[in-house]
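**Student:** My questions will all concern the structure given below.
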Amino acid sequence: MKKTAIIDVHIHSSAGSIPENLDKLRGEFGRNGVALGFLNSLGVKGWPQFPNEKEVRAANDEACALAENSRGILNWLAYINPQNANWRAEMDRCRAAGAAGLKLWVALKDKCGNTGNTECVMEYAGQCGLPILIHTFNRTDPALPGEVNVAEVMELAGRHPRTNIIVAHAGIHWPSELELFRPLPNVWVECGGGYPIKGQVEALVRMMGPDRVLFGSDLFCRSQASQLVKVALADLPEAQKKKILAGNAMRLFGLRGSLRPAAPTTLPPFPVDITEDHFCFCGRWPFFNTDCPTPASLEKLLVKNKIRRAYAADLGSVYRQDLLPANETFLPACRGLRRVRPLAVINPRIADWKETLEKLPGRFAGAIVFPHLHNWSLSDPRFAKLMRACRRRGMPLWVNCRLDDFRFRHPGMAYHGVTTEELLAAGAAADAPRIVFQGVMEGSIDEFLKRYGRDDRFRFTITHLTDYPGALHRILARHGAKRLVMGSEFPFRDIRQVGWTCRRV
């Protein structure tokens, strides 16, 4: 990684002036070893989904100016709205100004759902030799107006074989759509953006081969490090990683010569102990096989990765109704393990939760609840009773507020989004036990710590703070590290991912 010149094919401009944008970009590139980025702008005053001609022109002027002032670290992609009558003139204008390709966002269908205008853009781009990066989402919820999914992009690519297509985000919900990636020689897939789930890059290489997978971060929608780590930690040969990180992009965009790796940035010591994991699981999950089906296998993984302690629950118990026997089975499986600290799964919406809690053996390190997955609110009176019961027993509580990417949940599941107001209400409870909140986002953590930052009972995992540019830095600057703990979200993420990322964001 240190000797590889990395190319990021998917970068957005952010709010602020040209110098401010470039300063932020240089910081990201320096921390992550990126030598060249392909930037696009979706608008200088917000991102309208169907931008008019004036808005598109202003966006492209911004992207062009950023590239021209970047001292060689940026190329740019022209943003086109196929529904605008002047799309060809705008494309020609941008080509003349040095655009290396095109970016299409969500205006690919007209009001009747037709893609005819987009196909004209694609055909002309092929004639001009311009690759097209197409925003591609497979959603559980309804698509945005004009948005396309992987199947639709593949159909378009098949009808325009002379046009090189980059499937942005790998469709985002990639585990459900791998079979849709057809072996079309003009289709490339970009692995950036979205939730940094373990195994994505390996799966894309198995389906597409190593020569048509590209690295892109979706910066500034996501932190560059949280996307780069998916390639850095992938179980692939180094030669294939180098292709993904730079070689494939150089071939696709016709880049000549060699790129110099970015000058490394000195990474300061990190103030949160990353050897103690507070967001970790083992066991069998209903939707995919995990790397650690038993506590003993998790113990081996912890030893290998120098993690001295992990507070872990059994995934196989999450959706069970008979939680007392489930917990009683999990605990003996943890006996004799030095690093796995078992958590008992409790659901306050199951009628016998009190009996389950009262009969729990004392060797559990604490209890864990899942308002997110079990679809209940922290404002539920039963949760208040559970907190009091845990406080009486001296039992710490872990509260899972988010797991995996909720936007792409199984369509048969109803999830609950834990709100800031619910967290604040829990913090106000005088009889709350010690609590670790898992998977909470920056805004909610900030509001909570403004009010209860001196209360030693509460901690938050840093997990999702590493996914967004500057989020972890801002929380540390405002509140310090006392209320933050490590959380890997294993096995949904690589157990090394958050630790690798946290010092680079």
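Ordered as shown in the structure tokens, chains take letters A, B, and onward, while each chain numbers its residues from 1 and ligands are numbered from 1 in the order shown.
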Please identify all polymer residues within 12 Å of Asn84 of chain A, counting only C-alpha atoms, omitting same-chain residues fewer than 5 positions from it, and present them as a PyMOL selection string.

**Tutor:** chain A and resi 50-57+79+89-91+107-110+117-118+120-121

**Student:** Set the distance at 12 Å and use only C-alpha atoms: which residues neighbour Thr356 of chain A once local chain neighbours fewer than 4 positions away are removed? I'd like the list as a PDB file with N, CA, C and O atoms, in the first residue's frame.

**Tutor:**
```pdb
ATOM      1  N   GLN A 321     -36.935 -16.470  20.367  1.00  0.00           N
ATOM      2  CA  GLN A 321     -37.918 -16.086  21.376  1.00  0.00           C
ATOM      3  C   GLN A 321     -37.586 -16.704  22.731  1.00  0.00           C
ATOM      4  O   GLN A 321     -37.909 -16.135  23.772  1.00  0.00           O
ATOM      5  N   ASP A 322     -36.953 -17.884  22.727  1.00  0.00           N
ATOM      6  CA  ASP A 322     -36.607 -18.584  23.969  1.00  0.00           C
ATOM      7  C   ASP A 322     -35.208 -18.182  24.402  1.00  0.00           C
ATOM      8  O   ASP A 322     -34.251 -18.960  24.303  1.00  0.00           O
ATOM      9  N   LEU A 323     -35.075 -16.977  24.923  1.00  0.00           N
ATOM     10  CA  LEU A 323     -33.749 -16.427  25.164  1.00  0.00           C
ATOM     11  C   LEU A 323     -33.054 -17.018  26.388  1.00  0.00           C
ATOM     12  O   LEU A 323     -31.818 -17.015  26.447  1.00  0.00           O
ATOM     13  N   LEU A 324     -33.803 -17.508  27.361  1.00  0.00           N
ATOM     14  CA  LEU A 324     -33.134 -18.091  28.523  1.00  0.00           C
ATOM     15  C   LEU A 324     -32.319 -19.322  28.138  1.00  0.00           C
ATOM     16  O   LEU A 324     -31.113 -19.373  28.430  1.00  0.00           O
ATOM     17  N   PRO A 325     -32.888 -20.310  27.448  1.00  0.00           N
ATOM     18  CA  PRO A 325     -32.041 -21.450  27.033  1.00  0.00           C
ATOM     19  C   PRO A 325     -30.977 -21.051  26.011  1.00  0.00           C
ATOM     20  O   PRO A 325     -29.891 -21.642  25.989  1.00  0.00           O
ATOM     21  N   ALA A 326     -31.282 -20.043  25.177  1.00  0.00           N
ATOM     22  CA  ALA A 326     -30.275 -19.585  24.208  1.00  0.00           C
ATOM     23  C   ALA A 326     -29.049 -19.039  24.932  1.00  0.00           C
ATOM     24  O   ALA A 326     -27.901 -19.378  24.599  1.00  0.00           O
ATOM     25  N   ASN A 327     -29.261 -18.220  25.939  1.00  0.00           N
ATOM     26  CA  ASN A 327     -28.148 -17.660  26.700  1.00  0.00           C
ATOM     27  C   ASN A 327     -27.433 -18.721  27.521  1.00  0.00           C
ATOM     28  O   ASN A 327     -26.205 -18.698  27.669  1.00  0.00           O
ATOM     29  N   GLU A 328     -28.201 -19.661  28.068  1.00  0.00           N
ATOM     30  CA  GLU A 328     -27.596 -20.727  28.872  1.00  0.00           C
ATOM     31  C   GLU A 328     -26.731 -21.652  28.022  1.00  0.00           C
ATOM     32  O   GLU A 328     -25.805 -22.276  28.526  1.00  0.00           O
ATOM     33  N   ALA A 344     -25.296 -11.480  27.263  1.00  0.00           N
ATOM     34  CA  ALA A 344     -26.584 -12.170  27.171  1.00  0.00           C
ATOM     35  C   ALA A 344     -27.554 -11.336  26.342  1.00  0.00           C
ATOM     36  O   ALA A 344     -27.671 -10.125  26.533  1.00  0.00           O
ATOM     37  N   VAL A 345     -28.267 -11.970  25.420  1.00  0.00           N
ATOM     38  CA  VAL A 345     -29.250 -11.279  24.597  1.00  0.00           C
ATOM     39  C   VAL A 345     -30.564 -11.185  25.362  1.00  0.00           C
ATOM     40  O   VAL A 345     -31.093 -12.191  25.851  1.00  0.00           O
ATOM     41  N   ILE A 346     -31.096  -9.970  25.466  1.00  0.00           N
ATOM     42  CA  ILE A 346     -32.367  -9.720  26.147  1.00  0.00           C
ATOM     43  C   ILE A 346     -33.286  -8.952  25.192  1.00  0.00           C
ATOM     44  O   ILE A 346     -32.823  -8.091  24.443  1.00  0.00           O
ATOM     45  N   ASN A 347     -34.553  -9.267  25.235  1.00  0.00           N
ATOM     46  CA  ASN A 347     -35.539  -8.528  24.442  1.00  0.00           C
ATOM     47  C   ASN A 347     -36.685  -8.112  25.357  1.00  0.00           C
ATOM     48  O   ASN A 347     -37.511  -8.943  25.748  1.00  0.00           O
ATOM     49  N   PRO A 348     -36.788  -6.847  25.734  1.00  0.00           N
ATOM     50  CA  PRO A 348     -37.836  -6.423  26.668  1.00  0.00           C
ATOM     51  C   PRO A 348     -39.252  -6.530  26.104  1.00  0.00           C
ATOM     52  O   PRO A 348     -40.219  -6.360  26.853  1.00  0.00           O
ATOM     53  N   ILE A 350     -40.335  -9.352  24.806  1.00  0.00           N
ATOM     54  CA  ILE A 350     -40.752 -10.728  25.065  1.00  0.00           C
ATOM     55  C   ILE A 350     -41.226 -10.812  26.508  1.00  0.00           C
ATOM     56  O   ILE A 350     -40.580 -10.303  27.424  1.00  0.00           O
ATOM     57  N   ALA A 351     -42.348 -11.454  26.704  1.00  0.00           N
ATOM     58  CA  ALA A 351     -43.034 -11.391  28.002  1.00  0.00           C
ATOM     59  C   ALA A 351     -42.167 -11.861  29.168  1.00  0.00           C
ATOM     60  O   ALA A 351     -42.291 -11.339  30.281  1.00  0.00           O
ATOM     61  N   ASP A 352     -41.300 -12.836  28.955  1.00  0.00           N
ATOM     62  CA  ASP A 352     -40.535 -13.396  30.078  1.00  0.00           C
ATOM     63  C   ASP A 352     -39.149 -12.774  30.219  1.00  0.00           C
ATOM     64  O   ASP A 352     -38.237 -13.395  30.768  1.00  0.00           O
ATOM     65  N   LEU A 360     -30.216 -15.335  34.679  1.00  0.00           N
ATOM     66  CA  LEU A 360     -28.940 -15.370  33.974  1.00  0.00           C
ATOM     67  C   LEU A 360     -27.813 -15.703  34.940  1.00  0.00           C
ATOM     68  O   LEU A 360     -27.725 -15.121  36.022  1.00  0.00           O
ATOM     69  N   PRO A 361     -26.921 -16.602  34.531  1.00  0.00           N
ATOM     70  CA  PRO A 361     -25.747 -16.857  35.380  1.00  0.00           C
ATOM     71  C   PRO A 361     -24.898 -15.599  35.517  1.00  0.00           C
ATOM     72  O   PRO A 361     -24.853 -14.749  34.624  1.00  0.00           O
ATOM     73  N   ALA A 367     -25.448  -7.508  29.410  1.00  0.00           N
ATOM     74  CA  ALA A 367     -26.570  -7.869  28.543  1.00  0.00           C
ATOM     75  C   ALA A 367     -26.583  -6.937  27.339  1.00  0.00           C
ATOM     76  O   ALA A 367     -26.053  -5.821  27.385  1.00  0.00           O
ATOM     77  N   LEU A 386     -36.136  -2.392  32.255  1.00  0.00           N
ATOM     78  CA  LEU A 386     -34.943  -3.201  32.031  1.00  0.00           C
ATOM     79  C   LEU A 386     -33.698  -2.478  32.537  1.00  0.00           C
ATOM     80  O   LEU A 386     -32.834  -3.083  33.183  1.00  0.00           O
ATOM     81  N   ALA A 389     -33.604  -2.806  36.236  1.00  0.00           N
ATOM     82  CA  ALA A 389     -33.259  -4.162  36.642  1.00  0.00           C
ATOM     83  C   ALA A 389     -31.757  -4.421  36.475  1.00  0.00           C
ATOM     84  O   ALA A 389     -31.122  -5.049  37.332  1.00  0.00           O
ATOM     85  N   CYS A 390     -31.186  -3.940  35.395  1.00  0.00           N
ATOM     86  CA  CYS A 390     -29.748  -4.103  35.179  1.00  0.00           C
ATOM     87  C   CYS A 390     -28.961  -3.310  36.219  1.00  0.00           C
ATOM     88  O   CYS A 390     -27.922  -3.777  36.721  1.00  0.00           O
TER      89      CYS A 390
END
```

**Student:** Need to verify the contact set: Gly499 of chain A, 8 Å, only C-alpha atoms, exclusion of same-chain residues closer than 6 positions in sequence. Can you return it as an MDAnalysis selection string?

**Tutor:** chainID A and resid 274 486 488

**Student:** Take the residues just selected and output them with C-alpha atoms as a compact mmCIF listing (two decimals), in the first residue's frame.

**Tutor:**
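Now in result.txt:
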```
# COMPACT_ATOMS: atom_id res chain seq x y z
CA ILE A 274 -8.56 -0.25 19.78
CA MET A 486 -13.70 0.70 19.94
CA SER A 488 -15.49 -3.43 14.99
```

**Student:** What's the 12 Å shell around Pro145 of chain A, counting only C-alpha atoms, without same-chain residues fewer than 2 positions away, as a PyMOL selection string?

**Tutor:** chain A and resi 48-50+105-114+137+142-143+147-149

**Student:** Which residue gives the smallest distance to Lys45 of chain A among A:Ala15, A:Cys502, A:Leu25, A:Ile475, with only C-alpha atoms counted?

**Tutor:**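 When distances to Lys45 of chain A are compared using only C-alpha atoms, the smallest one comes from A:Ala15.
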
**Student:** Would you please work out which residue, of A:Val153, A:Leu449, A:Met441, A:Val9, is nearest to Leu219 of chain A when using only C-alpha atoms?

**Tutor:**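 Using only C-alpha atoms, Leu219 of chain A sits closest to A:Val9.
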
**Student:** Quick one: residues within 9 Å of Pro185 of chain A, only C-alpha atoms, excluding same-chain residues fewer than 5 positions away - as a ChimeraX atom specification?

**Tutor:** /A:161,164,212

**Student:** Just asking: which residues within segment 181-430 of chain A are strand (DSSP E or B) according to DSSP, as a PyMOL selection string?

**Tutor:** chain A and resi 187-190+213-214+219+276-282+309-314+340-345+366-369+397-400

**Student:** Pick out the closest residue to Met395 of chain A from this set: A:Ala168, A:Val436, A:Val189, A:Ala426. Count only C-alpha atoms.

**Tutor:**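 Selected residue with least distance to Met395 of chain A: A:Val436.
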
**Student:** Set the distance at 6 Å and use only C-alpha atoms: which residues neighbour segment 282-287 of chain A once local chain neighbours fewer than 4 positions away are removed? I'd like the list as a PyMOL selection string.

**Tutor:** chain A and resi 292-294+314-316

**Student:** Produce a file of the selected residues containing N, CA and C atoms, as a compact mmCIF listing (two decimals), in the first residue's frame.

**Tutor:**
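The resulting out.txt:
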```txt
# COMPACT_ATOMS: atom_id res chain seq x y z
N CYS A 292 -16.79 -16.69 12.17
CA CYS A 292 -16.61 -17.23 13.52
C CYS A 292 -17.93 -17.78 14.05
N PRO A 293 -18.28 -19.00 13.72
CA PRO A 293 -19.55 -19.56 14.18
C PRO A 293 -19.56 -19.92 15.65
N THR A 294 -18.41 -19.95 16.30
CA THR A 294 -18.33 -20.32 17.72
C THR A 294 -17.50 -19.29 18.47
N ASP A 314 -24.08 -13.67 20.90
CA ASP A 314 -24.31 -14.76 19.95
C ASP A 314 -25.32 -14.31 18.90
N LEU A 315 -24.90 -14.24 17.63
CA LEU A 315 -25.81 -13.82 16.57
C LEU A 315 -26.99 -14.77 16.43
N GLY A 316 -26.76 -16.04 16.69
CA GLY A 316 -27.84 -17.00 16.55
C GLY A 316 -28.97 -16.80 17.53
```

**Student:** Measuring atom to atom with only C-alpha atoms, identify which of A:Gly480, A:Gly427, A:Ile197, A:Pro261 is nearest to Val231 of chain A.

**Tutor:**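 Closest to Val231 of chain A of all the choices is A:Ile197.
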